[in-house]
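Student: Contents of input-v5.cif (mmCIF, C-alpha atoms and all ligand atoms) are below:
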data_data
loop_
_atom_site.label_atom_id
_atom_site.label_comp_id
_atom_site.auth_asym_id
_atom_site.auth_seq_id
_atom_site.Cartn_x
_atom_site.Cartn_y
_atom_site.Cartn_z
CA MET Q 1 94.16 -39.08 -9.51
CA THR Q 2 92.38 -35.82 -10.25
CA ASN Q 3 93.91 -33.12 -12.39
CA HIS Q 4 95.26 -30.44 -10.01
CA PRO Q 5 98.55 -29.01 -11.18
CA LEU Q 6 100.32 -26.66 -8.80
CA PRO Q 7 102.23 -23.79 -10.42
CA ARG Q 8 105.99 -23.40 -9.87
CA LEU Q 9 106.41 -22.31 -6.28
CA ASP Q 10 109.44 -20.09 -6.97
CA GLU Q 11 107.26 -17.97 -9.25
CA ASN Q 12 104.27 -17.90 -6.88
CA PRO Q 13 105.37 -16.47 -3.51
CA ASP Q 14 101.78 -15.98 -2.29
CA LEU Q 15 100.95 -19.63 -2.83
CA ARG Q 16 104.20 -20.69 -1.18
CA GLN Q 17 103.32 -18.52 1.80
CA ARG Q 18 99.90 -20.19 2.02
CA LEU Q 19 101.46 -23.65 1.94
CA LEU Q 20 103.80 -22.82 4.85
CA ALA Q 21 100.83 -23.31 7.19
CA PHE Q 22 100.73 -27.00 6.18
CA CYS Q 23 104.43 -27.71 6.73
CA ARG Q 24 105.42 -29.75 9.77
CA LEU Q 25 109.02 -28.46 9.90
CA LYS Q 26 110.07 -24.97 10.85
CA PRO Q 27 113.60 -23.74 10.08
CA GLY Q 28 116.06 -25.65 12.29
CA GLN Q 29 113.76 -28.65 12.83
CA VAL Q 30 114.33 -32.24 11.77
CA TRP Q 31 111.90 -34.97 10.71
CA HIS Q 32 112.86 -38.42 11.95
CA ASP Q 33 111.44 -41.19 9.81
CA PRO Q 34 109.07 -43.29 11.99
CA ASN Q 35 110.48 -46.34 10.14
CA GLY Q 36 113.89 -45.37 11.54
CA LYS Q 37 115.64 -44.97 8.19
CA HIS Q 38 115.84 -41.41 6.93
CA ARG Q 39 116.04 -37.85 8.21
CA VAL Q 40 114.88 -34.60 6.66
CA GLY Q 41 116.19 -31.34 8.10
CA CYS Q 42 114.93 -27.85 7.44
CA LEU Q 43 118.50 -26.61 7.44
CA ASP Q 44 120.97 -24.51 5.51
CA ALA Q 45 123.38 -26.65 3.47
CA THR Q 46 126.22 -24.23 4.15
CA GLU Q 47 126.05 -24.59 7.93
CA LYS Q 48 128.29 -27.33 9.27
CA THR Q 49 126.77 -27.31 12.75
CA GLY Q 50 123.23 -27.97 11.50
CA LEU Q 51 124.40 -30.84 9.30
CA GLY Q 52 126.56 -32.14 12.16
CA SER Q 53 123.49 -32.37 14.38
CA LEU Q 54 121.81 -34.55 11.76
CA VAL Q 55 124.60 -36.94 10.92
CA GLN Q 56 127.86 -38.03 12.54
CA PRO Q 57 131.18 -37.21 10.90
CA ASP Q 58 132.40 -39.95 8.51
CA ARG Q 59 128.90 -41.36 8.17
CA ILE Q 60 128.22 -40.43 4.54
CA GLN Q 61 129.36 -42.80 1.79
CA LEU Q 62 127.75 -40.84 -1.02
CA ALA Q 63 126.66 -37.21 -1.41
CA ILE Q 64 124.48 -36.12 -4.32
CA GLN Q 65 124.23 -32.33 -4.43
CA ASP Q 66 121.93 -30.39 -6.71
CA PRO Q 67 122.27 -26.76 -5.65
CA PRO Q 68 120.17 -24.00 -7.18
CA TYR Q 69 122.20 -22.45 -9.98
CA ASN Q 70 119.77 -20.20 -11.75
CA LEU Q 71 118.88 -17.89 -8.89
CA VAL Q 72 121.50 -15.27 -9.56
CA ALA Q 73 122.25 -13.25 -12.66
CA PHE Q 74 125.76 -14.23 -13.60
CA SER Q 75 127.59 -10.94 -13.46
CA THR Q 76 131.22 -11.39 -12.39
CA ARG Q 77 130.45 -10.50 -8.80
CA ALA Q 78 127.48 -12.83 -8.68
CA VAL Q 79 129.62 -15.72 -9.96
CA ASP Q 80 132.22 -15.00 -7.27
CA GLU Q 81 129.53 -14.92 -4.63
CA TYR Q 82 128.00 -18.10 -5.96
CA VAL Q 83 131.36 -19.89 -5.83
CA GLN Q 84 132.08 -18.64 -2.30
CA TRP Q 85 128.65 -19.85 -1.25
CA SER Q 86 129.33 -23.21 -2.95
CA ARG Q 87 132.63 -23.57 -1.12
CA LYS Q 88 130.72 -23.44 2.17
CA TRP Q 89 128.31 -26.26 1.34
CA VAL Q 90 131.15 -28.35 -0.11
CA GLU Q 91 133.08 -27.88 3.17
CA ALA Q 92 130.00 -28.87 5.15
CA THR Q 93 129.52 -31.93 2.91
CA LEU Q 94 133.15 -32.96 3.36
CA SER Q 95 132.83 -32.67 7.13
CA VAL Q 96 130.45 -35.64 7.18
CA MET Q 97 131.87 -37.73 4.31
CA GLY Q 98 133.67 -40.95 5.21
CA ASP Q 99 137.26 -41.71 4.21
CA ASN Q 100 136.10 -43.55 1.09
CA ALA Q 101 133.14 -41.69 -0.32
CA ALA Q 102 131.79 -40.21 -3.53
CA LEU Q 103 130.48 -36.72 -4.24
CA TYR Q 104 128.29 -35.89 -7.23
CA VAL Q 105 127.33 -32.31 -8.08
CA TRP Q 106 124.73 -31.24 -10.65
CA LEU Q 107 125.62 -27.89 -12.14
CA GLY Q 108 124.62 -25.60 -14.98
CA ALA Q 109 126.73 -23.90 -17.63
CA ASP Q 110 125.15 -20.76 -19.01
CA GLN Q 111 126.27 -20.58 -22.65
CA ASN Q 112 125.40 -16.88 -22.80
CA GLU Q 113 127.58 -16.08 -19.77
CA GLY Q 114 130.95 -17.75 -20.30
CA PHE Q 115 129.45 -21.13 -19.37
CA GLN Q 116 129.30 -20.04 -15.74
CA PRO Q 117 129.09 -21.13 -13.02
CA LEU Q 118 130.61 -24.45 -14.15
CA PRO Q 119 134.20 -23.29 -14.89
CA ASP Q 120 134.63 -21.22 -11.71
CA PHE Q 121 133.03 -23.95 -9.63
CA MET Q 122 135.48 -26.50 -11.09
CA MET Q 123 138.41 -24.23 -10.27
CA MET Q 124 137.17 -23.82 -6.71
CA MET Q 125 136.89 -27.62 -6.35
CA ARG Q 126 140.55 -28.01 -7.34
CA GLY Q 127 141.39 -26.36 -4.01
CA PHE Q 128 140.08 -29.35 -2.03
CA SER Q 129 143.10 -31.63 -1.83
CA SER Q 130 141.06 -34.51 -0.40
CA LEU Q 131 138.84 -34.65 -3.49
CA LYS Q 132 139.87 -36.22 -6.77
CA SER Q 133 137.96 -35.53 -9.98
CA ARG Q 134 136.66 -38.71 -11.63
CA SER Q 135 134.17 -37.83 -14.33
CA LEU Q 136 132.28 -35.03 -16.02
CA ILE Q 137 128.96 -36.56 -16.99
CA THR Q 138 126.47 -34.95 -19.33
CA MET Q 139 122.82 -35.91 -19.19
CA ARG Q 140 120.75 -35.17 -22.27
CA ASN Q 141 117.44 -33.42 -21.70
CA GLN Q 142 114.64 -33.73 -24.21
CA ARG Q 143 113.43 -30.15 -24.06
CA GLY Q 144 115.91 -27.42 -24.91
CA TYR Q 145 116.15 -23.75 -25.74
CA GLY Q 146 117.83 -21.61 -28.40
CA THR Q 147 116.83 -23.92 -31.22
CA GLN Q 148 116.94 -21.56 -34.21
CA LYS Q 149 120.16 -19.59 -33.89
CA ASN Q 150 122.34 -21.90 -31.87
CA TRP Q 151 122.85 -25.56 -31.03
CA MET Q 152 119.85 -26.48 -28.94
CA ALA Q 153 120.86 -26.40 -25.27
CA ILE Q 154 119.85 -29.77 -23.87
CA ARG Q 155 122.64 -30.71 -21.50
CA GLN Q 156 122.83 -31.06 -17.74
CA GLU Q 157 126.27 -31.37 -16.20
CA LEU Q 158 127.09 -33.79 -13.41
CA LEU Q 159 130.50 -33.71 -11.73
CA TYR Q 160 131.80 -36.82 -10.00
CA TYR Q 161 134.53 -36.58 -7.34
CA ILE Q 162 135.91 -39.12 -4.90
CA LYS Q 163 137.49 -38.94 -1.46
CA GLY Q 164 139.74 -41.95 -0.83
CA GLU Q 165 138.82 -45.03 -2.85
CA PRO Q 166 135.09 -45.68 -2.78
CA ALA Q 167 133.76 -48.73 -4.61
CA PHE Q 168 132.19 -48.25 -8.02
CA THR Q 169 129.66 -50.65 -9.57
CA VAL Q 170 129.40 -50.57 -13.35
CA GLN Q 171 125.91 -49.67 -14.56
CA TYR Q 172 124.09 -50.59 -17.74
CA THR Q 173 121.37 -48.86 -19.74
CA ASP Q 174 118.37 -50.63 -21.28
CA ILE Q 175 119.81 -49.96 -24.75
CA PRO Q 176 120.83 -53.23 -26.43
CA LYS Q 177 124.28 -53.52 -27.95
CA ILE Q 178 123.94 -53.49 -31.69
CA LEU Q 179 127.42 -52.83 -33.01
CA GLN Q 180 129.78 -55.68 -33.76
CA GLY Q 181 133.33 -55.77 -34.92
CA TYR Q 182 135.48 -54.50 -32.07
CA TYR Q 183 137.80 -57.49 -31.96
CA LYS Q 184 140.27 -58.21 -29.21
CA SER Q 185 142.33 -61.25 -28.38
CA VAL Q 186 141.43 -62.75 -24.98
CA GLY Q 187 143.58 -65.72 -23.88
CA GLY Q 188 144.70 -66.22 -27.47
CA VAL Q 189 141.12 -66.36 -28.76
CA ARG Q 190 139.86 -63.64 -31.05
CA THR Q 191 136.61 -62.34 -29.56
CA GLU Q 192 134.18 -59.77 -30.74
CA ASN Q 193 132.80 -57.12 -28.36
CA LEU Q 194 129.30 -58.65 -28.06
CA GLU Q 195 130.87 -61.88 -26.77
CA ARG Q 196 133.11 -60.14 -24.28
CA GLY Q 197 130.52 -57.93 -22.60
CA LYS Q 198 128.99 -58.67 -19.20
CA SER Q 199 125.62 -57.40 -20.41
CA ASP Q 200 123.60 -57.35 -23.62
CA CYS Q 201 123.08 -53.64 -23.06
CA ILE Q 202 125.46 -50.72 -23.37
CA ARG Q 203 126.85 -48.76 -20.43
CA PRO Q 204 125.77 -45.18 -19.95
CA GLY Q 205 129.36 -43.94 -19.95
CA ASN Q 206 129.69 -40.25 -19.22
CA VAL Q 207 127.01 -39.16 -21.69
CA TRP Q 208 123.57 -40.20 -20.50
CA VAL Q 209 121.09 -40.20 -23.37
CA ASP Q 210 118.58 -42.66 -22.00
CA ILE Q 211 116.89 -40.71 -19.22
CA GLN Q 212 113.51 -39.05 -19.63
CA GLN Q 213 113.32 -35.51 -18.31
CA VAL Q 214 110.51 -35.08 -15.78
CA PHE Q 215 107.31 -33.68 -17.26
CA TYR Q 216 103.64 -33.61 -16.30
CA ARG Q 217 102.71 -36.95 -17.92
CA LEU Q 218 105.12 -38.94 -15.74
CA ASP Q 219 103.99 -40.57 -12.52
CA GLU Q 220 107.10 -39.18 -10.81
CA ASN Q 221 106.15 -35.58 -11.63
CA VAL Q 222 105.81 -33.34 -8.56
CA ASN Q 223 103.85 -30.23 -9.43
CA GLY Q 224 105.09 -27.04 -7.80
CA CYS Q 225 108.73 -28.12 -8.11
CA TYR Q 226 110.94 -26.41 -10.67
CA GLY Q 227 114.19 -28.37 -10.49
CA GLN Q 228 113.18 -32.00 -10.11
CA LYS Q 229 115.78 -34.52 -11.30
CA PRO Q 230 114.69 -37.78 -12.92
CA LEU Q 231 114.48 -40.64 -10.44
CA LYS Q 232 116.35 -42.91 -12.86
CA ALA Q 233 119.39 -40.60 -12.87
CA ILE Q 234 119.57 -40.53 -9.07
CA GLN Q 235 119.04 -44.30 -8.87
CA ARG Q 236 121.91 -44.78 -11.30
CA ILE Q 237 124.25 -42.69 -9.14
CA ILE Q 238 123.20 -44.48 -5.96
CA SER Q 239 123.58 -47.93 -7.54
CA ALA Q 240 127.03 -47.08 -8.92
CA SER Q 241 128.49 -45.40 -5.85
CA SER Q 242 126.94 -46.94 -2.74
CA ALA Q 243 125.85 -50.26 -1.33
CA GLU Q 244 122.75 -51.36 0.55
CA GLY Q 245 122.65 -49.94 4.06
CA HIS Q 246 124.93 -47.01 3.17
CA THR Q 247 123.98 -43.45 4.10
CA VAL Q 248 123.45 -40.93 1.32
CA LEU Q 249 123.42 -37.15 1.76
CA ASP Q 250 121.46 -34.67 -0.36
CA SER Q 251 121.57 -31.12 1.01
CA PHE Q 252 119.12 -29.70 -1.55
CA ALA Q 253 116.10 -31.98 -1.24
CA HIS Q 254 113.44 -30.03 -3.21
CA SER Q 255 111.05 -32.74 -4.49
CA GLY Q 256 112.83 -35.45 -2.48
CA THR Q 257 114.14 -37.49 -5.42
CA THR Q 258 117.20 -38.74 -3.51
CA LEU Q 259 115.06 -39.57 -0.48
CA LEU Q 260 112.70 -41.66 -2.61
CA ALA Q 261 115.53 -43.35 -4.53
CA CYS Q 262 117.21 -44.28 -1.23
CA GLU Q 263 113.98 -45.78 0.06
CA MET Q 264 113.61 -47.84 -3.12
CA LEU Q 265 117.23 -49.02 -3.10
CA GLY Q 266 117.63 -49.78 0.61
CA ARG Q 267 119.89 -46.84 1.53
CA ARG Q 268 119.50 -44.39 4.39
CA CYS Q 269 118.99 -40.82 3.34
CA ILE Q 270 119.95 -37.63 5.14
CA THR Q 271 118.42 -34.76 3.26
CA LEU Q 272 117.88 -31.06 3.89
CA ASP Q 273 116.26 -28.09 2.33
CA ILE Q 274 116.31 -24.52 3.55
CA ASP Q 275 112.65 -24.14 2.59
CA PRO Q 276 110.01 -25.78 4.84
CA VAL Q 277 107.69 -26.21 1.84
CA PHE Q 278 110.20 -28.37 -0.01
CA CYS Q 279 110.99 -30.34 3.16
CA GLU Q 280 107.27 -31.05 3.44
CA ILE Q 281 107.00 -32.04 -0.22
CA ALA Q 282 109.96 -34.43 0.13
CA ILE Q 283 108.48 -36.07 3.25
CA ARG Q 284 105.04 -36.37 1.63
CA ARG Q 285 106.58 -37.91 -1.47
CA LEU Q 286 108.15 -40.64 0.66
CA GLU Q 287 104.93 -41.19 2.64
CA ASN Q 288 102.88 -41.26 -0.55
CA TYR Q 289 105.22 -43.87 -2.02
CA ARG Q 290 104.97 -46.01 1.11
CA ARG Q 291 101.19 -45.86 0.99
CA THR Q 292 100.53 -46.15 -2.72
CA ARG Q 293 103.81 -47.10 -4.45
CA ARG Q 294 103.37 -43.97 -6.58
CA LEU Q 295 106.53 -42.08 -7.48
CA GLY Q 296 104.98 -38.61 -7.48
CA TRP Q 297 101.62 -36.98 -8.18
CA GLN Q 298 101.62 -36.72 -11.98
CA ASN Q 299 98.81 -34.18 -12.61
CA SER Q 300 97.83 -33.69 -8.99
CA ASN Q 301 99.99 -32.24 -6.23
CA PRO Q 302 101.17 -32.91 -2.67
CA PHE Q 303 98.87 -30.28 -1.16
CA ALA Q 304 95.70 -31.15 -3.07
CA PHE Q 305 93.87 -31.99 0.16
CA GLU Q 306 94.71 -28.79 2.00
CA LEU Q 307 93.94 -26.74 -1.07
CA GLY Q 308 90.51 -28.33 -1.08
CA GLN Q 309 91.11 -30.17 -4.31
CA ASP Q 310 91.01 -33.87 -3.60
CA ALA Q 311 90.40 -35.67 -0.35
CA ALA Q 312 91.96 -38.83 -1.79
CA ASP Q 313 95.34 -37.08 -1.90
CA ALA Q 314 95.37 -36.23 1.78
CA ALA Q 315 98.69 -37.01 3.44
CA PRO Q 316 98.29 -37.48 7.19
CA LEU Q 317 100.95 -35.56 9.09
CA LEU Q 318 103.07 -38.16 10.79
CA GLU Q 319 104.88 -37.85 14.06
CA GLY Q 320 108.63 -37.65 14.34
CA VAL Q 321 109.41 -33.95 14.29
CA SER Q 322 111.99 -32.76 16.77
C1 LIG Q 401 117.63 -27.59 -7.90
S1 LIG Q 401 116.68 -27.87 -6.46
C2 LIG Q 401 117.11 -29.53 -6.08
C3 LIG Q 401 116.31 -30.54 -6.92
C4 LIG Q 401 116.32 -31.96 -6.41
N1 LIG Q 401 117.55 -32.64 -6.79
C5 LIG Q 401 115.13 -32.75 -6.93
O1 LIG Q 401 115.33 -33.72 -7.69
O2 LIG Q 401 114.02 -32.42 -6.62
C6 LIG Q 401 117.50 -26.88 -5.26
C7 LIG Q 401 116.85 -26.84 -3.87
O3 LIG Q 401 117.82 -26.27 -2.98
C8 LIG Q 401 117.15 -25.55 -1.96
N2 LIG Q 401 118.12 -24.62 -1.34
C9 LIG Q 401 118.54 -23.41 -1.78
N3 LIG Q 401 119.47 -22.90 -0.96
C10 LIG Q 401 119.67 -23.81 0.03
C11 LIG Q 401 120.51 -23.87 1.17
N4 LIG Q 401 121.36 -22.88 1.47
N5 LIG Q 401 120.45 -24.97 1.96
C12 LIG Q 401 119.59 -25.99 1.68
N6 LIG Q 401 118.77 -25.97 0.62
C13 LIG Q 401 118.80 -24.91 -0.20
C14 LIG Q 401 115.97 -24.90 -2.68
O4 LIG Q 401 114.93 -24.59 -1.76
C15 LIG Q 401 115.58 -25.99 -3.70
O5 LIG Q 401 114.54 -26.76 -3.21
#
Can you turn what I pasted into structure tokens?

Tutor:
Amino acid sequence: MTNHPLPRLDENPDLRQRLLAFCRLKPGQVWHDPNGKHRVGCLDATEKTGLGSLVQPDRIQLAIQDPPYNLVAFSTRAVDEYVQWSRKWVEATLSVMGDNAALYVWLGADQNEGFQPLPDFMMMMRGFSSLKSRSLITMRNQRGYGTQKNWMAIRQELLYYIKGEPAFTVQYTDIPKILQGYYKSVGGVRTENLERGKSDCIRPGNVWVDIQQVFYRLDENVNGCYGQKPLKAIQRIISASSAEGHTVLDSFAHSGTTLLACEMLGRRCITLDIDPVFCEIAIRRLENYRRTRRLGWQNSNPFAFELGQDAADAAPLLEGVS
């Protein structure tokens, strides 16, 4: 694949404007997967009616939400507004979640601003009586900031809530168990932890240190995106908290990581983004995977053809828009 990086689209409004001409969805429209599995809506996550037109109530077994959290300066008023805005998309999410379903939310904690919006978001979530908190997961990034005068900031927070009693499947990392000596008596026999385990590898627990942050050398890299989550992290969530054939919701599609992970793991995905450009990128990422088995574009980009960069990267616009 040829080397054609696309700059971050949030910092290049003119380029984003140019790309709009190549997007098959306009605000309010929905892409129906010709294979009959997934749907992508150019919709606002906070609007229940839009989401309701895409998916029936009770249909969602798992929601993975990754809202933008760095778009506002965190003055007190901005945090309040952010939390009020968040309440709306949580309500919309709940309106389509089944009786036994899981909700995961990626969120930031700005260490220079009272760790907001994480604490106020958590307080807001306590108001939803149907949701029970289950875990606060931290994923370790490789790149950080503030390395000289503070502890390097390398964490990403992931909140896990449940509604009812959804199933949970224990996950394992690829990190072999190396420590011995945690003895316990099982049926009168003294066993050591390596003997007792169901896997030779350790579990991720609620501190994930084994996931590579997305960067330009990875196949899964989608140039132009600024908030792409690692595929492995989303696959882990899906494998733990849903089963094959289940329907997964992601209301902030961006690069389409959840859509791709659902395709790979045999789940149905309902995903939305308010921005037609990111809807288009998510759809193209799925189509590109179906054609080539590639996870992203590494050094190239989803619009290389239209930008006159590389005919080999052309993604034919498929039917299915309503
Ligand atoms: C942090 S990114 C999500 C990253 C995604 N998990 C991935 O792996 O690529 C947030 C996305 O939310 C979208 N967004 C912002 N406000 C929205 C809204 N009200 N409704 C739907 N999408 C919205 C943005 O356009 C952006 O693409």

Student: Atom CA of Q:Glu220 and atom CA of Q:Asp110, how far apart in Å?

Tutor: 27.1 Å

Student: Measuring between only C-alpha atoms, which one of Q:Arg8, Q:His246, Q:Arg203, Q:Arg217 shows the shortest distance to Q:Arg59?

Tutor: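 Closest to Q:Arg59 of all the choices is Q:His246.
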
Student: Pick from Q:Gly188, Q:Gly108, Q:Pro27, Q:Gly245: nearest to Q:Pro68, with only C-alpha atoms counted?

Tutor: Q:Gly108

Student: Hey, which bits of chain Q sit within 10 Å of ligand LIG 401 (chain Q), and for each residue what's the closest pair of atoms and how far apart in Å (one decimal), counting only C-alpha atoms and all ligand atoms, rows by chain and increasing number, as JSON lines?

Tutor:
{"residue": "Q:Leu9", "atom": "CA", "partner": "Q:LIG401", "partner_atom": "O5", "distance": 9.8}
{"residue": "Q:Asp10", "atom": "CA", "partner": "Q:LIG401", "partner_atom": "O4", "distance": 8.8}
{"residue": "Q:Gly41", "atom": "CA", "partner": "Q:LIG401", "partner_atom": "C12", "distance": 9.0}
{"residue": "Q:Cys42", "atom": "CA", "partner": "Q:LIG401", "partner_atom": "C12", "distance": 7.6}
{"residue": "Q:Leu43", "atom": "CA", "partner": "Q:LIG401", "partner_atom": "C12", "distance": 5.9}
{"residue": "Q:Asp44", "atom": "CA", "partner": "Q:LIG401", "partner_atom": "N5", "distance": 3.6}
{"residue": "Q:Ala45", "atom": "CA", "partner": "Q:LIG401", "partner_atom": "N5", "distance": 3.7}
{"residue": "Q:Thr46", "atom": "CA", "partner": "Q:LIG401", "partner_atom": "N4", "distance": 5.7}
{"residue": "Q:Glu47", "atom": "CA", "partner": "Q:LIG401", "partner_atom": "N4", "distance": 8.2}
{"residue": "Q:Ile64", "atom": "CA", "partner": "Q:LIG401", "partner_atom": "N1", "distance": 8.1}
{"residue": "Q:Gln65", "atom": "CA", "partner": "Q:LIG401", "partner_atom": "N1", "distance": 7.1}
{"residue": "Q:Asp66", "atom": "CA", "partner": "Q:LIG401", "partner_atom": "N1", "distance": 4.9}
{"residue": "Q:Pro67", "atom": "CA", "partner": "Q:LIG401", "partner_atom": "C6", "distance": 4.8}
{"residue": "Q:Pro68", "atom": "CA", "partner": "Q:LIG401", "partner_atom": "C6", "distance": 4.4}
{"residue": "Q:Tyr69", "atom": "CA", "partner": "Q:LIG401", "partner_atom": "C1", "distance": 7.2}
{"residue": "Q:Asn70", "atom": "CA", "partner": "Q:LIG401", "partner_atom": "C1", "distance": 8.6}
{"residue": "Q:Leu71", "atom": "CA", "partner": "Q:LIG401", "partner_atom": "C9", "distance": 9.0}
{"residue": "Q:Trp85", "atom": "CA", "partner": "Q:LIG401", "partner_atom": "N4", "distance": 8.4}
{"residue": "Q:Ser86", "atom": "CA", "partner": "Q:LIG401", "partner_atom": "N4", "distance": 9.1}
{"residue": "Q:Lys88", "atom": "CA", "partner": "Q:LIG401", "partner_atom": "N4", "distance": 9.4}
{"residue": "Q:Trp89", "atom": "CA", "partner": "Q:LIG401", "partner_atom": "N4", "distance": 7.7}
{"residue": "Q:Val105", "atom": "CA", "partner": "Q:LIG401", "partner_atom": "N1", "distance": 9.9}
{"residue": "Q:Trp106", "atom": "CA", "partner": "Q:LIG401", "partner_atom": "N1", "distance": 8.3}
{"residue": "Q:Leu107", "atom": "CA", "partner": "Q:LIG401", "partner_atom": "C1", "distance": 9.1}
{"residue": "Q:Val214", "atom": "CA", "partner": "Q:LIG401", "partner_atom": "O1", "distance": 9.5}
{"residue": "Q:Asn221", "atom": "CA", "partner": "Q:LIG401", "partner_atom": "O2", "distance": 9.9}
{"residue": "Q:Val222", "atom": "CA", "partner": "Q:LIG401", "partner_atom": "O2", "distance": 8.5}
{"residue": "Q:Cys225", "atom": "CA", "partner": "Q:LIG401", "partner_atom": "O2", "distance": 7.0}
{"residue": "Q:Tyr226", "atom": "CA", "partner": "Q:LIG401", "partner_atom": "S1", "distance": 7.3}
{"residue": "Q:Gly227", "atom": "CA", "partner": "Q:LIG401", "partner_atom": "C1", "distance": 4.4}
{"residue": "Q:Gln228", "atom": "CA", "partner": "Q:LIG401", "partner_atom": "O2", "distance": 3.6}
{"residue": "Q:Lys229", "atom": "CA", "partner": "Q:LIG401", "partner_atom": "O1", "distance": 3.7}
{"residue": "Q:Pro230", "atom": "CA", "partner": "Q:LIG401", "partner_atom": "O1", "distance": 6.7}
{"residue": "Q:Leu231", "atom": "CA", "partner": "Q:LIG401", "partner_atom": "O1", "distance": 7.5}
{"residue": "Q:Ala233", "atom": "CA", "partner": "Q:LIG401", "partner_atom": "O1", "distance": 9.5}
{"residue": "Q:Ile234", "atom": "CA", "partner": "Q:LIG401", "partner_atom": "O1", "distance": 8.1}
{"residue": "Q:Asp250", "atom": "CA", "partner": "Q:LIG401", "partner_atom": "N1", "distance": 7.8}
{"residue": "Q:Ser251", "atom": "CA", "partner": "Q:LIG401", "partner_atom": "C12", "distance": 5.5}
{"residue": "Q:Phe252", "atom": "CA", "partner": "Q:LIG401", "partner_atom": "O3", "distance": 3.9}
{"residue": "Q:Ala253", "atom": "CA", "partner": "Q:LIG401", "partner_atom": "C4", "distance": 5.2}
{"residue": "Q:His254", "atom": "CA", "partner": "Q:LIG401", "partner_atom": "O5", "distance": 3.5}
{"residue": "Q:Ser255", "atom": "CA", "partner": "Q:LIG401", "partner_atom": "O2", "distance": 3.7}
{"residue": "Q:Gly256", "atom": "CA", "partner": "Q:LIG401", "partner_atom": "O2", "distance": 5.3}
{"residue": "Q:Thr257", "atom": "CA", "partner": "Q:LIG401", "partner_atom": "O1", "distance": 4.6}
{"residue": "Q:Thr258", "atom": "CA", "partner": "Q:LIG401", "partner_atom": "O1", "distance": 6.8}
{"residue": "Q:Leu259", "atom": "CA", "partner": "Q:LIG401", "partner_atom": "O1", "distance": 9.3}
{"residue": "Q:Leu260", "atom": "CA", "partner": "Q:LIG401", "partner_atom": "O1", "distance": 9.8}
{"residue": "Q:Thr271", "atom": "CA", "partner": "Q:LIG401", "partner_atom": "C12", "distance": 9.0}
{"residue": "Q:Leu272", "atom": "CA", "partner": "Q:LIG401", "partner_atom": "C12", "distance": 5.8}
{"residue": "Q:Asp273", "atom": "CA", "partner": "Q:LIG401", "partner_atom": "N6", "distance": 3.7}
{"residue": "Q:Ile274", "atom": "CA", "partner": "Q:LIG401", "partner_atom": "C12", "distance": 4.1}
{"residue": "Q:Asp275", "atom": "CA", "partner": "Q:LIG401", "partner_atom": "O4", "distance": 4.9}
{"residue": "Q:Pro276", "atom": "CA", "partner": "Q:LIG401", "partner_atom": "O4", "distance": 8.3}
{"residue": "Q:Val277", "atom": "CA", "partner": "Q:LIG401", "partner_atom": "O4", "distance": 8.2}
{"residue": "Q:Phe278", "atom": "CA", "partner": "Q:LIG401", "partner_atom": "O5", "distance": 5.6}
{"residue": "Q:Cys279", "atom": "CA", "partner": "Q:LIG401", "partner_atom": "O5", "distance": 8.1}
{"residue": "Q:Ile281", "atom": "CA", "partner": "Q:LIG401", "partner_atom": "O2", "distance": 9.5}
{"residue": "Q:Ala282", "atom": "CA", "partner": "Q:LIG401", "partner_atom": "O2", "distance": 8.1}

Student: Please report, as a tab-separated table, each residue of stretch 38-68 of chain Q lying at most 12 Å from stretch 286-298 of chain Q, together with the nearest pair of atoms and the separation in Å rounded to one decimal; use only C-alpha atoms, and order rows by chain and ascending residue number.

Tutor:
residue	atom	partner	partner_atom	distance
Q:His38	CA	Q:Leu286	CA	10.0
Q:Arg39	CA	Q:Leu286	CA	11.3
Q:Val40	CA	Q:Leu286	CA	10.9

Student: Using all atoms listed in the file, find each residue of stretch 195-302 of chain Q with at least one atom at most 12 Å away from an atom of stretch 127-135 of chain Q; report its shortest atom-to-atom pair and that distance in Å (one decimal), sort the rows by chain and rising residue number, and return the result as a tab-separated table.

Tutor:
residue	atom	partner	partner_atom	distance
Q:Gly205	CA	Q:Ser135	CA	9.6
Q:Asn206	CA	Q:Ser135	CA	7.1
Q:Val207	CA	Q:Ser135	CA	10.4

Student: Have a look at atom CA of Q:Leu6 and atom CA of Q:Asn223 and let me know their distance in Å, one decimal.

Tutor: 5.1 Å

Student: Which value, in Å to one decimal, gives the distance between atom CA of Q:Pro204 and atom CA of Q:Gln171?

Tutor: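 Distance between the two atoms: 7.0 Å.
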
Student: Using only C-alpha atoms, determine which residues lie at most 12 Å from Q:Asp210, disregarding the query and same-chain residues fewer than 6 positions distant; provide the list as a list in words.

Tutor: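 Counting only the stated atoms, we get Thr138, Met139, Arg140, Asn141, Gln142, Tyr172, Thr173, Asp174, Ile175, Pro176, Cys201, Ile202, Arg203, Pro204, Pro230, Lys232, Ala233 and Arg236 of chain Q.
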
Student: Keeping only C-alpha atoms, take the residues you just selected and write them out as a compact mmCIF listing (two decimals), in the frame of the given file.

Tutor:
# COMPACT_ATOMS: atom_id res chain seq x y z
CA THR Q 138 126.47 -34.95 -19.33
CA MET Q 139 122.82 -35.91 -19.19
CA ARG Q 140 120.75 -35.17 -22.27
CA ASN Q 141 117.44 -33.42 -21.70
CA GLN Q 142 114.64 -33.73 -24.21
CA TYR Q 172 124.09 -50.59 -17.74
CA THR Q 173 121.37 -48.86 -19.74
CA ASP Q 174 118.37 -50.63 -21.28
CA ILE Q 175 119.81 -49.96 -24.75
CA PRO Q 176 120.83 -53.23 -26.43
CA CYS Q 201 123.08 -53.64 -23.06
CA ILE Q 202 125.46 -50.72 -23.37
CA ARG Q 203 126.85 -48.76 -20.43
CA PRO Q 204 125.77 -45.18 -19.95
CA PRO Q 230 114.69 -37.78 -12.92
CA LYS Q 232 116.35 -42.91 -12.86
CA ALA Q 233 119.39 -40.60 -12.87
CA ARG Q 236 121.91 -44.78 -11.30
